[in-house]
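> This structure is in structure tokens; I'll ask about it shortly.
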Amino acid sequence: MKIAIITLPSKSDNHLPPLTMAYVAAALEQRRAIVRIYDRALDPLGGWEDIQRRLQTFQPQRVIIAGDDSHAIEQAVAHIHQMYPEILPLFAHRSGSDATAATASVLAWFDGAQAIPAPTAEELPYPARHLLSLEHYELRAPGGEVQTSVVIGWRIHNQWQMRPPRQICQEIRSLIEEVGIRHILFCEPEITLDNQWLEEFLDQLNSSHLNIRWQAAVAIDRLHDERIRRLAHAGCEAITISLAATSIFDSASSREQAHKLIAYAREQGIYTHATVLLEPPYESIARLVDVAATFGLNDVSFKLMQTLRVGDDEQQIQRFAHQRYQEGRTRQRLIDRFGPALGGLLWQLRVEHLAEEE
């Protein structure tokens, strides 16, 4: 049986390959199905005519339409349901964290059953990355090399279940042998979620001698100097930290500790990226951005909390945050070079000069 999988653009993570559906495809291939994945995120502005032509060439008996936007899924079904009546609309994220539930739903549909038990982590085959053009995704390591994602935990009943470290390393070894990519992204959950699991995972990475470089999300309050050294020794090349007003403004000591940890990570050769969570009121946004600019991060992105998306221009707020952040970085560089008094004075003179030019 031929099955086409159409993955739709995501609300937030289109740089990721659709790993959940790659797991589903691998499970279907084990049932001797012939599977193709068509990822609309690679051409989000393209029309449906191209997808329809490719489907006519492949001639599938069944079609799966997957995404994380219910309205977009409904629209996609409307485009092709007359030509392909056997369609399964599937709500699925791209990261792969919900692969067990998605695979169970698809296999039940494939077998004509009401439901089947979700496969365990050991039962899931490695994702069918051979069906994806990994180099076409905007997923790059800090040095610009092609990077790809690997699942480290499953979200089951709103709880994280971490994968066995040995199993993850075996998949990475298989990935290296098949594709040759040596830069890995562990996108979720935060790698610091479970201390015991993290220590076992770092030990496994070191003993496996995979010669990879990797990036992961971390919680700043679960880092310390020894852990940062362990991350670097195990091949960590970048970390992503979430920063919010509630975590930054608690105390001057917590801000100073975050600053020291970020500086130490950079000393260890780890690229530091922060996702700054913006939340109302606007005064707190400006202050949060100003504080983030003093941390010495390599890179920063801004994400709006849901409460800001009602009645506000999301792009305008993000532009304001980026502009404020760049101004804060410039001011901090002057202070670091010339000291608080002279650096602050030079910054003020610069601001007045720019205002006169305008």
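Residue numbers start at 1 in each chain; chains themselves are named A, B, ... in the order of the structure tokens; ligands are numbered from 1 in the order shown.
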Could you pull out the strand (DSSP E or B) residues of stretch 84-262 of chain A, going by DSSP on the backbone, and write them as JSON, numbers by chain?
{"A": [87, 88, 89, 90, 91, 140, 146, 148, 149, 153, 154, 155, 156, 159, 160, 161, 162, 183, 184, 185, 186, 213, 214, 215, 216, 217, 218, 236, 237, 238, 239, 240, 241, 242, 243, 244]}
> Atoms to include: N, CA and C atoms. Write the selected residues as an mmCIF file, in the first residue's frame.

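Ended up saving to again38.cif:
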data_model
loop_
_atom_site.group_PDB
_atom_site.id
_atom_site.type_symbol
_atom_site.label_atom_id
_atom_site.label_comp_id
_atom_site.auth_asym_id
_atom_site.auth_seq_id
_atom_site.Cartn_x
_atom_site.Cartn_y
_atom_site.Cartn_z
ATOM 1 N N ILE A 87 -8.384 9.838 3.999
ATOM 2 C CA ILE A 87 -7.465 10.808 4.591
ATOM 3 C C ILE A 87 -7.553 10.716 6.108
ATOM 4 N N LEU A 88 -6.393 10.746 6.757
ATOM 5 C CA LEU A 88 -6.339 10.798 8.217
ATOM 6 C C LEU A 88 -5.786 12.157 8.639
ATOM 7 N N PRO A 89 -6.629 13.045 9.191
ATOM 8 C CA PRO A 89 -6.098 14.287 9.763
ATOM 9 C C PRO A 89 -5.483 13.989 11.128
ATOM 10 N N LEU A 90 -4.273 14.479 11.360
ATOM 11 C CA LEU A 90 -3.544 14.101 12.575
ATOM 12 C C LEU A 90 -2.901 15.333 13.198
ATOM 13 N N PHE A 91 -3.208 15.574 14.449
ATOM 14 C CA PHE A 91 -2.560 16.666 15.184
ATOM 15 C C PHE A 91 -1.237 16.139 15.732
ATOM 16 N N ARG A 140 20.987 24.806 11.783
ATOM 17 C CA ARG A 140 22.437 24.898 11.659
ATOM 18 C C ARG A 140 23.071 25.026 13.041
ATOM 19 N N VAL A 146 25.438 21.767 8.991
ATOM 20 C CA VAL A 146 24.096 21.186 9.033
ATOM 21 C C VAL A 146 23.908 20.435 10.352
ATOM 22 N N THR A 148 20.890 18.271 12.854
ATOM 23 C CA THR A 148 19.594 17.614 12.829
ATOM 24 C C THR A 148 19.185 17.254 14.245
ATOM 25 N N SER A 149 17.888 17.032 14.415
ATOM 26 C CA SER A 149 17.337 16.826 15.756
ATOM 27 C C SER A 149 17.226 15.344 16.097
ATOM 28 N N GLY A 153 13.331 12.606 24.797
ATOM 29 C CA GLY A 153 12.251 12.298 25.727
ATOM 30 C C GLY A 153 10.906 12.319 25.035
ATOM 31 N N TRP A 154 9.991 11.496 25.524
ATOM 32 C CA TRP A 154 8.627 11.436 24.989
ATOM 33 C C TRP A 154 7.688 12.171 25.935
ATOM 34 N N ARG A 155 6.732 12.879 25.358
ATOM 35 C CA ARG A 155 5.665 13.477 26.170
ATOM 36 C C ARG A 155 4.483 12.517 26.175
ATOM 37 N N ILE A 156 4.232 11.902 27.319
ATOM 38 C CA ILE A 156 3.162 10.914 27.461
ATOM 39 C C ILE A 156 2.253 11.353 28.601
ATOM 40 N N GLN A 159 3.395 14.209 30.655
ATOM 41 C CA GLN A 159 4.582 13.982 31.482
ATOM 42 C C GLN A 159 5.743 13.575 30.568
ATOM 43 N N TRP A 160 6.938 14.030 30.933
ATOM 44 C CA TRP A 160 8.111 13.664 30.147
ATOM 45 C C TRP A 160 8.674 12.326 30.610
ATOM 46 N N GLN A 161 8.932 11.455 29.648
ATOM 47 C CA GLN A 161 9.588 10.182 29.907
ATOM 48 C C GLN A 161 10.890 10.176 29.120
ATOM 49 N N MET A 162 12.008 10.240 29.815
ATOM 50 C CA MET A 162 13.298 10.344 29.137
ATOM 51 C C MET A 162 13.692 9.000 28.520
ATOM 52 N N HIS A 183 26.358 17.085 13.953
ATOM 53 C CA HIS A 183 25.891 18.164 14.820
ATOM 54 C C HIS A 183 24.424 17.886 15.151
ATOM 55 N N ILE A 184 24.151 17.707 16.427
ATOM 56 C CA ILE A 184 22.854 17.213 16.883
ATOM 57 C C ILE A 184 22.161 18.271 17.741
ATOM 58 N N LEU A 185 20.840 18.371 17.581
ATOM 59 C CA LEU A 185 20.011 19.234 18.422
ATOM 60 C C LEU A 185 19.094 18.371 19.275
ATOM 61 N N PHE A 186 19.208 18.512 20.597
ATOM 62 C CA PHE A 186 18.237 17.919 21.516
ATOM 63 C C PHE A 186 17.278 19.045 21.892
ATOM 64 N N ARG A 213 29.081 16.989 18.069
ATOM 65 C CA ARG A 213 28.853 18.223 18.806
ATOM 66 C C ARG A 213 27.341 18.397 18.895
ATOM 67 N N TRP A 214 26.864 18.900 20.023
ATOM 68 C CA TRP A 214 25.425 18.939 20.196
ATOM 69 C C TRP A 214 24.973 20.192 20.941
ATOM 70 N N GLN A 215 23.683 20.459 20.808
ATOM 71 C CA GLN A 215 23.037 21.628 21.406
ATOM 72 C C GLN A 215 21.796 21.165 22.151
ATOM 73 N N ALA A 216 21.503 21.819 23.288
ATOM 74 C CA ALA A 216 20.343 21.421 24.076
ATOM 75 C C ALA A 216 19.811 22.611 24.863
ATOM 76 N N ALA A 217 18.553 22.510 25.273
ATOM 77 C CA ALA A 217 17.957 23.495 26.166
ATOM 78 C C ALA A 217 18.301 23.133 27.607
ATOM 79 N N VAL A 218 18.566 24.143 28.421
ATOM 80 C CA VAL A 218 18.905 23.928 29.824
ATOM 81 C C VAL A 218 18.146 24.928 30.686
ATOM 82 N N CYS A 236 29.067 19.278 24.189
ATOM 83 C CA CYS A 236 28.076 20.346 24.066
ATOM 84 C C CYS A 236 28.724 21.570 23.420
ATOM 85 N N GLU A 237 28.137 22.044 22.330
ATOM 86 C CA GLU A 237 28.655 23.238 21.660
ATOM 87 C C GLU A 237 27.739 24.442 21.831
ATOM 88 N N ALA A 238 26.504 24.231 22.295
ATOM 89 C CA ALA A 238 25.579 25.350 22.463
ATOM 90 C C ALA A 238 24.487 24.981 23.455
ATOM 91 N N ILE A 239 24.043 25.977 24.204
ATOM 92 C CA ILE A 239 22.915 25.794 25.107
ATOM 93 C C ILE A 239 21.897 26.896 24.849
ATOM 94 N N THR A 240 20.634 26.552 25.056
ATOM 95 C CA THR A 240 19.546 27.517 24.951
ATOM 96 C C THR A 240 18.892 27.652 26.317
ATOM 97 N N ILE A 241 18.742 28.898 26.760
ATOM 98 C CA ILE A 241 18.183 29.195 28.076
ATOM 99 C C ILE A 241 16.919 30.014 27.892
ATOM 100 N N SER A 242 15.876 29.717 28.648
ATOM 101 C CA SER A 242 14.672 30.540 28.660
ATOM 102 C C SER A 242 14.776 31.536 29.807
ATOM 103 N N LEU A 243 14.546 32.803 29.496
ATOM 104 C CA LEU A 243 14.599 33.859 30.498
ATOM 105 C C LEU A 243 13.250 34.564 30.553
ATOM 106 N N ALA A 244 12.712 34.716 31.743
ATOM 107 C CA ALA A 244 11.449 35.421 31.936
ATOM 108 C C ALA A 244 11.596 36.409 33.081
#
> What does the distance from atom CA of A:His273 to atom CA of A:Val300 come to in Å, to one decimal?
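Distance between the two atoms: 5.4 Å.
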> Contacts of A:Gly269 at 8 Å or less, counting only C-alpha atoms, minus same-chain residues fewer than 3 places along, as a PyMOL selection string?
chain A and resi 232+237+265-266
> Can you list, as a ChimeraX atom specification, every protein, DNA or RNA residue that comes within 6 Å of stretch 123-133 of chain A when you count only C-alpha atoms, leaving out same-chain residues fewer than 2 positions away?
/A:22-23,26,119-121,135-136
> Include N, CA, C and O atoms and write out the residues we just selected as a PDB file, in the first residue's frame.

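To be explicit, this is the file written out as selection-v1.pdb:
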ATOM      1  N   ALA A  22       8.280  11.212  10.727  1.00  0.00           N
ATOM      2  CA  ALA A  22       9.341  10.295  10.300  1.00  0.00           C
ATOM      3  C   ALA A  22       9.288   9.012  11.123  1.00  0.00           C
ATOM      4  O   ALA A  22       9.559   7.922  10.607  1.00  0.00           O
ATOM      5  N   TYR A  23       8.960   9.126  12.428  1.00  0.00           N
ATOM      6  CA  TYR A  23       8.745   7.928  13.245  1.00  0.00           C
ATOM      7  C   TYR A  23       7.547   7.130  12.718  1.00  0.00           C
ATOM      8  O   TYR A  23       7.596   5.900  12.600  1.00  0.00           O
ATOM      9  N   ALA A  26       8.441   5.285   9.578  1.00  0.00           N
ATOM     10  CA  ALA A  26       9.259   4.096   9.826  1.00  0.00           C
ATOM     11  C   ALA A  26       8.392   2.926  10.283  1.00  0.00           C
ATOM     12  O   ALA A  26       8.596   1.775   9.865  1.00  0.00           O
ATOM     13  N   PRO A 119       3.037   2.224  21.200  1.00  0.00           N
ATOM     14  CA  PRO A 119       4.295   1.462  21.281  1.00  0.00           C
ATOM     15  C   PRO A 119       5.200   2.031  22.363  1.00  0.00           C
ATOM     16  O   PRO A 119       5.181   3.231  22.653  1.00  0.00           O
ATOM     17  N   THR A 120       5.966   1.179  22.981  1.00  0.00           N
ATOM     18  CA  THR A 120       6.939   1.647  23.962  1.00  0.00           C
ATOM     19  C   THR A 120       8.136   2.249  23.233  1.00  0.00           C
ATOM     20  O   THR A 120       8.285   2.108  22.019  1.00  0.00           O
ATOM     21  N   ALA A 121       8.990   2.915  23.994  1.00  0.00           N
ATOM     22  CA  ALA A 121      10.177   3.527  23.395  1.00  0.00           C
ATOM     23  C   ALA A 121      11.052   2.476  22.716  1.00  0.00           C
ATOM     24  O   ALA A 121      11.657   2.725  21.670  1.00  0.00           O
ATOM     25  N   GLU A 135      19.169  18.514   4.795  1.00  0.00           N
ATOM     26  CA  GLU A 135      19.985  19.705   4.525  1.00  0.00           C
ATOM     27  C   GLU A 135      19.151  20.903   4.100  1.00  0.00           C
ATOM     28  O   GLU A 135      19.637  22.037   4.091  1.00  0.00           O
ATOM     29  N   HIS A 136      17.882  20.709   3.772  1.00  0.00           N
ATOM     30  CA  HIS A 136      17.038  21.802   3.319  1.00  0.00           C
ATOM     31  C   HIS A 136      16.389  22.569   4.470  1.00  0.00           C
ATOM     32  O   HIS A 136      15.767  23.611   4.227  1.00  0.00           O
TER      33      HIS A 136
END
> Please determine, counting only C-alpha atoms, which residue among A:His81, A:Arg182, A:Arg94, A:Lys2 has the shortest atom-to-atom distance to A:His15.
A:Arg94
> I want to know what sits within 10 Å of A:Glu86, based on only C-alpha atoms, with residues of the same chain fewer than 6 positions away left out; could you give that as an mmCIF file with N, CA and C atoms, in the first residue's frame?

data_model
loop_
_atom_site.group_PDB
_atom_site.id
_atom_site.type_symbol
_atom_site.label_atom_id
_atom_site.label_comp_id
_atom_site.auth_asym_id
_atom_site.auth_seq_id
_atom_site.Cartn_x
_atom_site.Cartn_y
_atom_site.Cartn_z
ATOM 1 N N PRO A 60 -0.995 7.553 -4.177
ATOM 2 C CA PRO A 60 -1.193 6.844 -2.901
ATOM 3 C C PRO A 60 -2.625 6.341 -2.744
ATOM 4 N N GLN A 61 -2.754 5.243 -1.981
ATOM 5 C CA GLN A 61 -4.096 4.781 -1.634
ATOM 6 C C GLN A 61 -4.652 5.536 -0.414
ATOM 7 N N ARG A 62 -3.736 6.006 0.442
ATOM 8 C CA ARG A 62 -4.155 6.729 1.638
ATOM 9 C C ARG A 62 -3.254 7.944 1.840
ATOM 10 N N VAL A 63 -3.806 8.955 2.529
ATOM 11 C CA VAL A 63 -3.065 10.194 2.779
ATOM 12 C C VAL A 63 -3.216 10.574 4.254
ATOM 13 N N ILE A 64 -2.105 10.968 4.859
ATOM 14 C CA ILE A 64 -2.107 11.504 6.224
ATOM 15 C C ILE A 64 -1.743 12.982 6.133
#
> Measuring atom to atom with only C-alpha atoms, identify which of A:Thr57, A:Ser10, A:Thr20, A:Gln167 is nearest to A:Ser70.
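Under the stated criterion, the closest residue is A:Ser10.
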> Would you give me, as a ChimeraX atom specification, the residues in stretch 159-195 of chain A that DSSP reads as helix (DSSP H, G or I)?
/A:165-179,195
> Put those residues in a file: N, CA and C atoms, as a PDB file, in the first residue's frame.

ATOM      1  N   PRO A 165      19.675   6.536  27.857  1.00  0.00           N
ATOM      2  CA  PRO A 165      20.858   7.131  27.205  1.00  0.00           C
ATOM      3  C   PRO A 165      21.533   6.214  26.187  1.00  0.00           C
ATOM      4  N   ARG A 166      21.610   4.917  26.493  1.00  0.00           N
ATOM      5  CA  ARG A 166      22.250   4.001  25.551  1.00  0.00           C
ATOM      6  C   ARG A 166      21.492   3.967  24.222  1.00  0.00           C
ATOM      7  N   GLN A 167      20.173   3.985  24.292  1.00  0.00           N
ATOM      8  CA  GLN A 167      19.358   3.944  23.078  1.00  0.00           C
ATOM      9  C   GLN A 167      19.569   5.205  22.241  1.00  0.00           C
ATOM     10  N   ILE A 168      19.643   6.364  22.897  1.00  0.00           N
ATOM     11  CA  ILE A 168      19.872   7.615  22.172  1.00  0.00           C
ATOM     12  C   ILE A 168      21.212   7.568  21.449  1.00  0.00           C
ATOM     13  N   CYS A 169      22.247   7.105  22.139  1.00  0.00           N
ATOM     14  CA  CYS A 169      23.579   7.045  21.528  1.00  0.00           C
ATOM     15  C   CYS A 169      23.622   6.057  20.373  1.00  0.00           C
ATOM     16  N   GLN A 170      22.884   4.960  20.488  1.00  0.00           N
ATOM     17  CA  GLN A 170      22.815   4.006  19.381  1.00  0.00           C
ATOM     18  C   GLN A 170      22.158   4.642  18.161  1.00  0.00           C
ATOM     19  N   GLU A 171      21.109   5.437  18.385  1.00  0.00           N
ATOM     20  CA  GLU A 171      20.457   6.114  17.258  1.00  0.00           C
ATOM     21  C   GLU A 171      21.403   7.136  16.628  1.00  0.00           C
ATOM     22  N   ILE A 172      22.143   7.867  17.457  1.00  0.00           N
ATOM     23  CA  ILE A 172      23.088   8.850  16.918  1.00  0.00           C
ATOM     24  C   ILE A 172      24.155   8.150  16.074  1.00  0.00           C
ATOM     25  N   ARG A 173      24.644   7.015  16.548  1.00  0.00           N
ATOM     26  CA  ARG A 173      25.642   6.283  15.773  1.00  0.00           C
ATOM     27  C   ARG A 173      25.066   5.849  14.420  1.00  0.00           C
ATOM     28  N   SER A 174      23.830   5.381  14.440  1.00  0.00           N
ATOM     29  CA  SER A 174      23.168   4.991  13.199  1.00  0.00           C
ATOM     30  C   SER A 174      22.992   6.195  12.275  1.00  0.00           C
ATOM     31  N   LEU A 175      22.648   7.340  12.850  1.00  0.00           N
ATOM     32  CA  LEU A 175      22.472   8.564  12.078  1.00  0.00           C
ATOM     33  C   LEU A 175      23.783   8.988  11.420  1.00  0.00           C
ATOM     34  N   ILE A 176      24.873   8.907  12.162  1.00  0.00           N
ATOM     35  CA  ILE A 176      26.178   9.266  11.606  1.00  0.00           C
ATOM     36  C   ILE A 176      26.531   8.353  10.439  1.00  0.00           C
ATOM     37  N   GLU A 177      26.296   7.057  10.602  1.00  0.00           N
ATOM     38  CA  GLU A 177      26.653   6.101   9.559  1.00  0.00           C
ATOM     39  C   GLU A 177      25.797   6.275   8.306  1.00  0.00           C
ATOM     40  N   GLU A 178      24.524   6.628   8.480  1.00  0.00           N
ATOM     41  CA  GLU A 178      23.609   6.721   7.343  1.00  0.00           C
ATOM     42  C   GLU A 178      23.680   8.078   6.645  1.00  0.00           C
ATOM     43  N   VAL A 179      23.810   9.156   7.433  1.00  0.00           N
ATOM     44  CA  VAL A 179      23.694  10.498   6.871  1.00  0.00           C
ATOM     45  C   VAL A 179      24.996  11.284   6.952  1.00  0.00           C
ATOM     46  N   ASN A 195      18.310  15.174  36.941  1.00  0.00           N
ATOM     47  CA  ASN A 195      19.747  15.200  37.235  1.00  0.00           C
ATOM     48  C   ASN A 195      20.413  13.839  37.047  1.00  0.00           C
TER      49      ASN A 195
END
> Residues near stretch 102-113 of chain A, anyone? I mean within 8 Å using only C-alpha atoms, not counting same-chain ones fewer than 2 positions away, as a PDB file with C-alpha atoms, in the first residue's frame.

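That gives us result.pdb:
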ATOM      1  CA  THR A  20       7.102  12.783  14.558  1.00  0.00           C
ATOM      2  CA  MET A  21       5.934  11.802  11.086  1.00  0.00           C
ATOM      3  CA  TYR A  23       8.745   7.928  13.245  1.00  0.00           C
ATOM      4  CA  VAL A  24       5.264   7.182  11.877  1.00  0.00           C
ATOM      5  CA  ALA A  27       6.492   2.149  11.603  1.00  0.00           C
ATOM      6  CA  LEU A  28       4.452   2.029   8.381  1.00  0.00           C
ATOM      7  CA  LEU A  88      -6.339  10.798   8.217  1.00  0.00           C
ATOM      8  CA  LEU A  90      -3.544  14.101  12.575  1.00  0.00           C
ATOM      9  CA  ALA A  92       1.190  16.239  15.682  1.00  0.00           C
ATOM     10  CA  ASP A  98       4.636  12.861  20.641  1.00  0.00           C
ATOM     11  CA  ALA A  99       5.748  10.092  18.268  1.00  0.00           C
ATOM     12  CA  THR A 100       4.438   7.237  20.437  1.00  0.00           C
ATOM     13  CA  ALA A 115      -7.363   1.659  18.934  1.00  0.00           C
ATOM     14  CA  ILE A 116      -4.082  -0.068  19.687  1.00  0.00           C
ATOM     15  CA  PRO A 117      -1.716   0.351  22.634  1.00  0.00           C
ATOM     16  CA  ALA A 118       0.917   3.026  22.101  1.00  0.00           C
ATOM     17  CA  PRO A 119       4.295   1.462  21.281  1.00  0.00           C
TER      18      PRO A 119
END
> I'd like the neighbourhood of A:Val151 as a list in words, where a residue qualifies if any of its atoms comes within 9 Å (using only C-alpha atoms), though same-chain residues fewer than 6 positions away should be ignored.
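Listing them by chain and then by number gives Leu19, Ser95, Gly96, Ser97, Arg163, Ile168, Leu185, Phe186, Cys187, Glu188 and Pro189 of chain A.
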> As an exercise, work out the distance from atom CA of A:Gly296 to atom CA of A:Pro142 in Å and give it to one decimal place.
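These two atoms are separated by 16.1 Å.
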> Given only C-alpha atoms as the basis, pick out the residue of A:Ile152, A:Arg229, A:Tyr264, A:Gly235 nearest to A:Trp197.
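Of A:Ile152, A:Arg229, A:Tyr264, A:Gly235, the one nearest A:Trp197, counting only C-alpha atoms, is A:Ile152.
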> Given only C-alpha atoms as the basis, pick out the residue of A:Ala219, A:Ser208, A:Arg255, A:Ala141 nearest to A:Tyr271.
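Answer, going by the shortest atom-to-atom distance: A:Ala141.
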